[in-house]
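Visitor: Structure in structure tokens, see below.
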Amino acid sequence: MKHEHKWLASISAAILMTAAAGTAPLLAQPLPEGWISVTACAPAAPLIPTNTTESCGSDVLDPIMAGLVTTDTATGAVINDIAESIETDDNTVWTVTLKQGWKFHDGSEVTAASFVDAWNWAAYAPNGQATNNWFSSIVGYADLNPKAADGGKAPEPTAQTMSGLEILGDHQFRITLKGPVPGFTAQLTYKAFAPLPASFYDDPAAFGRHPVGAGPFSLETGSPDTGYKLTAFADYIGAHKPSIAGIDMRIYTSGEAAYNDLIAGNLDLMSNIPQSKLVDGQWERELDGRVVVQPQASIRGLGMPWGDANPQLAKSEIRQAISMAIDRQTIIDVIFSGVGRAATGWVPPGVDGYQAGACGEFCTYNPEKAKELLAAAGGYEGDIKIFYAGDSSDKPAMEAICNSIRNTLGIECLTSALADNASFRSLTRSGEATGPFPANWTMDYPSIDNAIVPIYSSKGSSNRGSYTNPAFDALIAKADTQPHDEAVRTYQEAEALLANDLPRIPLWNPSTTIGHSARIDDLAVRSNGRVDYASVVLN
Amino acid sequence: MTGYIIRRLMQFLPVLLGTTFIVFCLAWGMPGDPLAGKCGDRECPEAYVALATEQFHLDQPLVVRYGYYVADLVRGDLGTSFTGRQVSEQLMAAFPATIRLALLAVTIEVLFGVAIGIASALRPGKGFDTGNLLLGLVIIAFPGFVIANLAQLIFGVRLGWFPVTVNDPSSLYQLLLPAIVLALGHQVTLSRLTRTAVLESLESDYVRTAHTKGLRPSRIVGIHVLRNSLIPVVTYIGKDIGGLMAGAVVTESVFNIQGVGGLIVRSIRSHDGVTIVGAVTVIVVTYLVINLLVDIAYAALDPRIRYD
């Protein structure tokens, strides 16, 4: 008897001890004076600017990093940040002069080497950075990225540095590009071009957990599980000096949970309000009008099957008919509660080179014309199947598009959900998709070339052979040799060419929805949809 | 007893190998390229694909990759995930919240479940018993996420008695509401189980003997009846703790608790096979250990149960 009691006792003791080991203060600590709490999501990759391509990690890195240039939150124009000047005569050789006195959060100075070394490291193939091909326009990139023989592994690179990057002095360096790139300064707003401190190279993995930049906020502590605490950087001398003392980035796995915290007053700032709260202006009522709706530099489109996956959908008239059958504004009003704008071209508004109505009549809702176009093309046999990722939020919009097509053109339209994003992408880039699919593009930098060149030029890094148009390629090549303003006009001509083939049907430009607490008086949002924390003003 | 425990521990090995192999195949056999979508709307550069392919042996057959995995596992290395973090580090971050929530929930459900069960059994068919039965049915009829969302809205947002979400999982007070929500449904099952078992024991011969012997009723119920009724209850609690250790996905999501359930769901969504397999391996071990403890508890509760 006694013996067994001991067993029972030790089991309960073990359970109690585990419970006790985990106890801590009963209440969480309140935020320090001048801090704000904001929503964040768990980064899916180490926080290295040249390896972070997903939005959760970018949200954290954005206030920590500063680059040569940045964008003006009011006008969207590219303005110098760490750069004193960026000069060129031919769009090929660029001389960059840095401002004096910029410091990293670890106290070291920002010099020309902080940029050149970082770019060489990112372009070096064995480092396997996700933004590796961003540096491909620099002379010497190929030496760092030797091509693999067919089916084999790529050989070790022969060089570690790109010959196109030359340090001219502590605060000056020269970039030589393979050919002219008119929008190069706009490209430099992308965070892959951010400078890195010398300590980075000692232990990139440690840096990935605790990034050090030259931005207005420095990382105090943080992890993808506990969130991130950022403090205003005392030695920051840039134009975006924050007035708040710090940012408490809290990891939320569900938008509903964050929203409930926001309306209960436990959270100061939330981006991307859940769709269900936008209906009938519920969020505006519950937040007492403390809301911001900001157009985003991004476009949602409908990708079209390519190759010989569906010969009928390869016909321009049929694509045009489908595009004209989609009632974009009604879908935005019903599905997105009116948040967002109908797209009239392939370049999002607010981007350098944006022209309204680039797509012309083919992106307007016109059922009569749509029917005529379909009839002229000889009709459509069978049904149209729209593919989307089952774990995305695309379903309602895709079904609405299907309804539009069915009602206007009388073609039977079905939606087909793939298991998840990975299988969706595998299908759509294999060229075996027999129907349209959602195809989105978020601008990496706010210049027209970024919206069209990577996707529609035949060598585009995100094209994968889905679209080739010699006339389009010729215009892109022409723009490369032109000075900025002329180049923009040539890109616009190229954009207009897309209206005939509709490689992607423009649908709409989403807007960022932001709600905030009564503590926040004012804030500005960048065109990429991120809040500029340096602009936040407290009451 | 010691021999029995050693035998059970040895059985862990094939079970562990079998389950991890199945999970490994499922996690890595998911349709679609695990690297697709890793570079936002863009296609990933070749250098990135090459490095990731080498790092995760993506060009090797599944069985070979499982071999690598087991070799690492034997060395106590659960691997490094696509996020660049050690799986063990991720689990160390996620488990404390889940364990605290699970233990708090189980404590609540045992306290209330057993007490209500005994009280119902002592006066079966009377007001308390019937009332509890009806209330229990109502609670069970509500899906977990409805209760969780309602509780959050009423006690968190409207009344402000509890924090709306858990931003510091080391605070027991913050975990209280989610734990109560988790415990609610289980408490109903537990009280019904206890009620049935106690009723059965109350009618047995030894209870009558104890009564005629003049023992105090409180002692009869508290010591003799309860102990003999606890076996099904302990089985249920064991299963419950095991389940909760795997993470209460819905409750964790509603109250924003960064626990194991959320970690696994996130990893499945992002095709992070390393994390999925690592987390499931640890959960399997936890489950096995808890079941062993339950079986040992049987012997402690009922001397007739002998394992040697």
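Chains: A, B, ... in order of the structure tokens. Residues: from 1 per chain. Ligands: from 1, in order shown.
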From a backbone DSSP assignment, name each residue in stretch 15-224 of chain A labelled helix (DSSP H, G or I), as a ChimeraX atom specification.

Guide: /A:15-21,55-61,112-123,125-127,132-135,141-144,184-187,191-193,198-202,204-209

Visitor: Let's have the selection written as a PDB file, in the first residue's frame, with C-alpha atoms.

Guide:
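Final output, saved to result00.pdb:
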ATOM      1  CA  ILE A  15       3.385  17.752 -12.355  1.00  0.00           C
ATOM      2  CA  LEU A  16       3.251  20.436  -9.687  1.00  0.00           C
ATOM      3  CA  MET A  17       6.950  21.196 -10.098  1.00  0.00           C
ATOM      4  CA  THR A  18       6.625  21.629 -13.839  1.00  0.00           C
ATOM      5  CA  ALA A  19       3.727  23.986 -13.268  1.00  0.00           C
ATOM      6  CA  ALA A  20       5.572  25.937 -10.603  1.00  0.00           C
ATOM      7  CA  ALA A  21       8.713  26.240 -12.713  1.00  0.00           C
ATOM      8  CA  SER A  55       6.759  40.579 -45.814  1.00  0.00           C
ATOM      9  CA  CYS A  56       6.954  39.543 -42.133  1.00  0.00           C
ATOM     10  CA  GLY A  57      10.734  39.836 -42.054  1.00  0.00           C
ATOM     11  CA  SER A  58      10.670  43.008 -44.151  1.00  0.00           C
ATOM     12  CA  ASP A  59       8.270  44.620 -41.660  1.00  0.00           C
ATOM     13  CA  VAL A  60      10.833  44.127 -38.902  1.00  0.00           C
ATOM     14  CA  LEU A  61      13.853  45.136 -40.978  1.00  0.00           C
ATOM     15  CA  ALA A 112      31.758  53.014 -48.893  1.00  0.00           C
ATOM     16  CA  ALA A 113      33.000  49.568 -47.863  1.00  0.00           C
ATOM     17  CA  SER A 114      29.793  49.009 -45.856  1.00  0.00           C
ATOM     18  CA  PHE A 115      27.954  48.981 -49.189  1.00  0.00           C
ATOM     19  CA  VAL A 116      30.508  47.397 -51.499  1.00  0.00           C
ATOM     20  CA  ASP A 117      31.321  44.484 -49.177  1.00  0.00           C
ATOM     21  CA  ALA A 118      27.643  43.812 -48.498  1.00  0.00           C
ATOM     22  CA  TRP A 119      26.777  43.744 -52.194  1.00  0.00           C
ATOM     23  CA  ASN A 120      29.702  41.472 -53.046  1.00  0.00           C
ATOM     24  CA  TRP A 121      28.712  39.115 -50.251  1.00  0.00           C
ATOM     25  CA  ALA A 122      25.102  38.971 -51.414  1.00  0.00           C
ATOM     26  CA  ALA A 123      26.044  38.381 -55.055  1.00  0.00           C
ATOM     27  CA  ALA A 125      26.662  32.423 -55.289  1.00  0.00           C
ATOM     28  CA  PRO A 126      27.776  30.091 -52.445  1.00  0.00           C
ATOM     29  CA  ASN A 127      26.121  32.438 -49.963  1.00  0.00           C
ATOM     30  CA  ASN A 132      21.310  37.322 -55.394  1.00  0.00           C
ATOM     31  CA  ASN A 133      20.033  38.291 -58.859  1.00  0.00           C
ATOM     32  CA  TRP A 134      19.397  41.893 -57.810  1.00  0.00           C
ATOM     33  CA  PHE A 135      23.090  42.469 -58.364  1.00  0.00           C
ATOM     34  CA  TYR A 141      28.375  39.456 -61.324  1.00  0.00           C
ATOM     35  CA  ALA A 142      28.934  36.493 -63.664  1.00  0.00           C
ATOM     36  CA  ASP A 143      32.322  35.742 -62.058  1.00  0.00           C
ATOM     37  CA  LEU A 144      30.574  35.279 -58.728  1.00  0.00           C
ATOM     38  CA  PHE A 184      18.954  52.375 -61.067  1.00  0.00           C
ATOM     39  CA  THR A 185      18.534  54.904 -58.247  1.00  0.00           C
ATOM     40  CA  ALA A 186      14.965  53.694 -57.749  1.00  0.00           C
ATOM     41  CA  GLN A 187      16.289  50.118 -57.519  1.00  0.00           C
ATOM     42  CA  LYS A 191      16.604  46.934 -48.893  1.00  0.00           C
ATOM     43  CA  ALA A 192      18.933  44.343 -50.451  1.00  0.00           C
ATOM     44  CA  PHE A 193      21.174  47.360 -51.160  1.00  0.00           C
ATOM     45  CA  ALA A 198      31.843  44.852 -40.554  1.00  0.00           C
ATOM     46  CA  SER A 199      30.583  42.667 -37.691  1.00  0.00           C
ATOM     47  CA  PHE A 200      28.110  41.036 -40.072  1.00  0.00           C
ATOM     48  CA  TYR A 201      30.772  38.925 -41.804  1.00  0.00           C
ATOM     49  CA  ASP A 202      32.037  37.423 -38.533  1.00  0.00           C
ATOM     50  CA  PRO A 204      25.951  36.130 -40.493  1.00  0.00           C
ATOM     51  CA  ALA A 205      23.737  33.684 -38.580  1.00  0.00           C
ATOM     52  CA  ALA A 206      23.980  35.744 -35.404  1.00  0.00           C
ATOM     53  CA  PHE A 207      23.245  38.863 -37.438  1.00  0.00           C
ATOM     54  CA  GLY A 208      20.147  37.122 -38.796  1.00  0.00           C
ATOM     55  CA  ARG A 209      18.849  36.877 -35.248  1.00  0.00           C
TER      56      ARG A 209
END

Visitor: Quote the spacing between atom CA of A:Gln294 and atom CA of A:Thr512 in Å to one decimal place.

Guide: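 Going from atom CA of A:Gln294 over to atom CA of A:Thr512, I get 5.1 Å.
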
Visitor: Which residues in stretch 87-149 of chain A does DSSP call strand (DSSP E)? List them as a PyMOL selection string.

Guide: chain A and resi 87-88+93-98

Visitor: Would you put the residues from that selection into a file with C-alpha atoms, as a PDB file, in the first residue's frame?

Guide:
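Listed below is the output, out-v6.pdb:
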ATOM      1  CA  GLU A  87      25.722  60.876 -60.273  1.00  0.00           C
ATOM      2  CA  THR A  88      25.872  59.454 -63.751  1.00  0.00           C
ATOM      3  CA  VAL A  93      28.712  54.298 -64.466  1.00  0.00           C
ATOM      4  CA  TRP A  94      27.363  55.719 -61.229  1.00  0.00           C
ATOM      5  CA  THR A  95      29.398  57.612 -58.665  1.00  0.00           C
ATOM      6  CA  VAL A  96      27.986  57.510 -55.164  1.00  0.00           C
ATOM      7  CA  THR A  97      29.093  59.969 -52.492  1.00  0.00           C
ATOM      8  CA  LEU A  98      27.984  59.303 -48.923  1.00  0.00           C
TER       9      LEU A  98
END

Visitor: Would you please work out which residue, of A:Gly350, A:Pro46, A:Gly379, A:Gly152, is nearest to chain B when using only C-alpha atoms?

Guide: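 Looking at the shortest contact to chain B, the residue is A:Pro46.
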
Visitor: Counting only C-alpha atoms, which residues of chain B fall within 6 Å of chain A, and what is the closest atom pair for each with its distance in Å at one decimal, ordered by chain and rising number, as CSV?

Guide:
residue,atom,partner,partner_atom,distance
B:Pro31,CA,A:Ser423,CA,5.5
B:Gly32,CA,A:Ser423,CA,3.8
B:Asp33,CA,A:Ala422,CA,5.8
B:Ala36,CA,A:Ala422,CA,5.3
B:Cys39,CA,A:Thr53,CA,5.2
B:Gly40,CA,A:Glu54,CA,5.4
B:Asp41,CA,A:Trp441,CA,5.9
B:Arg42,CA,A:Ser462,CA,5.4
B:Glu43,CA,A:Ser462,CA,5.1
B:Pro45,CA,A:Asn133,CA,5.9
B:Ala47,CA,A:Gly128,CA,4.7
B:Tyr48,CA,A:Gly128,CA,4.0
B:Leu51,CA,A:Gly128,CA,5.2
B:Thr83,CA,A:Ala45,CA,4.0
B:Gly84,CA,A:Pro46,CA,5.6
B:Val157,CA,A:Ala264,CA,5.1
B:Val164,CA,A:Asp261,CA,5.8
B:Ser170,CA,A:Ala24,CA,5.5
B:Ser171,CA,A:Leu26,CA,4.9
B:Leu172,CA,A:Leu26,CA,5.8
B:Tyr173,CA,A:Leu26,CA,5.4
B:Val254,CA,A:Ala257,CA,5.7
B:Asn256,CA,A:Tyr252,CA,6.0
B:Ala300,CA,A:Glu4,CA,4.4

Visitor: Fewer than 6 positions away in the same chain doesn't count, so skip those; otherwise give me all residues within 8 Å of B:Leu230, counting only C-alpha atoms, as a list of chain:residue names.

Guide: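 Residues meeting the cut-off are B:Thr194, B:Ala197, B:Leu301.
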
Visitor: Limited to N, CA and C atoms, could you put the picked residues into a file as an mmCIF file, in the first residue's frame?

Guide:
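Output below, filename result_37.cif:
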data_model
loop_
_atom_site.group_PDB
_atom_site.id
_atom_site.type_symbol
_atom_site.label_atom_id
_atom_site.label_comp_id
_atom_site.auth_asym_id
_atom_site.auth_seq_id
_atom_site.Cartn_x
_atom_site.Cartn_y
_atom_site.Cartn_z
ATOM 1 N N THR B 194 -16.515 10.613 -14.096
ATOM 2 C CA THR B 194 -16.371 10.447 -12.651
ATOM 3 C C THR B 194 -17.704 10.002 -12.046
ATOM 4 N N ALA B 197 -18.348 6.307 -12.736
ATOM 5 C CA ALA B 197 -17.436 5.431 -12.007
ATOM 6 C C ALA B 197 -17.751 5.435 -10.512
ATOM 7 N N LEU B 301 -3.072 3.057 -8.228
ATOM 8 C CA LEU B 301 -4.466 3.180 -7.809
ATOM 9 C C LEU B 301 -5.078 1.829 -7.474
#

Visitor: Quick one: residues within 12 Å of B:Leu58, only C-alpha atoms counted, chain neighbours fewer than 4 positions away excluded, as a list of chain:residue names?

Guide: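 With the cut-off at 12 Å, the set is B:Trp28, B:Gly29, B:Asp33, B:Pro34, B:Leu35, B:Val49, B:Ala50, B:Leu51, B:Ala52, B:Thr53, B:Glu54, B:Leu62, B:Val63, B:Val64, B:Arg65, B:Tyr66, B:Tyr68, B:Gly273, B:Val274.
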
Visitor: Store the residues of this selection in a file with C-alpha atoms, as a compact mmCIF listing (two decimals), in the first residue's frame.

Guide:
# COMPACT_ATOMS: atom_id res chain seq x y z
CA TRP B 28 8.31 16.23 -47.31
CA GLY B 29 5.93 14.45 -49.64
CA ASP B 33 8.11 22.51 -54.49
CA PRO B 34 9.08 23.42 -50.90
CA LEU B 35 11.13 26.32 -52.27
CA VAL B 49 17.86 27.31 -54.86
CA ALA B 50 21.26 25.60 -55.12
CA LEU B 51 22.19 26.38 -51.52
CA ALA B 52 18.81 25.31 -50.10
CA THR B 53 18.82 22.14 -52.20
CA GLU B 54 22.20 21.19 -50.80
CA LEU B 62 13.16 10.56 -49.35
CA VAL B 63 14.65 7.46 -47.69
CA VAL B 64 18.18 8.86 -47.88
CA ARG B 65 16.98 12.14 -46.38
CA TYR B 66 15.27 10.22 -43.59
CA TYR B 68 20.27 11.98 -42.57
CA GLY B 273 9.36 20.03 -43.26
CA VAL B 274 12.25 20.22 -40.80

Visitor: Kindly give the distance, in Å, that separates atom CA of A:Gly301 and atom CA of A:Ala474, rounded to a single decimal.

Guide: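 That distance, rounded to one decimal, is 24.2 Å.
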
Visitor: Which of these, B:Ala121, B:Ala279, B:Val250, B:Ile180, has the shortest distance to B:Ile264 once you count only C-alpha atoms?

Guide: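 Counting only C-alpha atoms, the residue closest to B:Ile264 is B:Ala279.
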
Visitor: Any idea what's packed within 12 Å of A:Phe217, counting only C-alpha atoms, ignoring anything in its chain fewer than 6 positions away? Could you give it as a ChimeraX atom specification?

Guide: /A:35,60-66,103-105,211,228-238,240-248,532-534
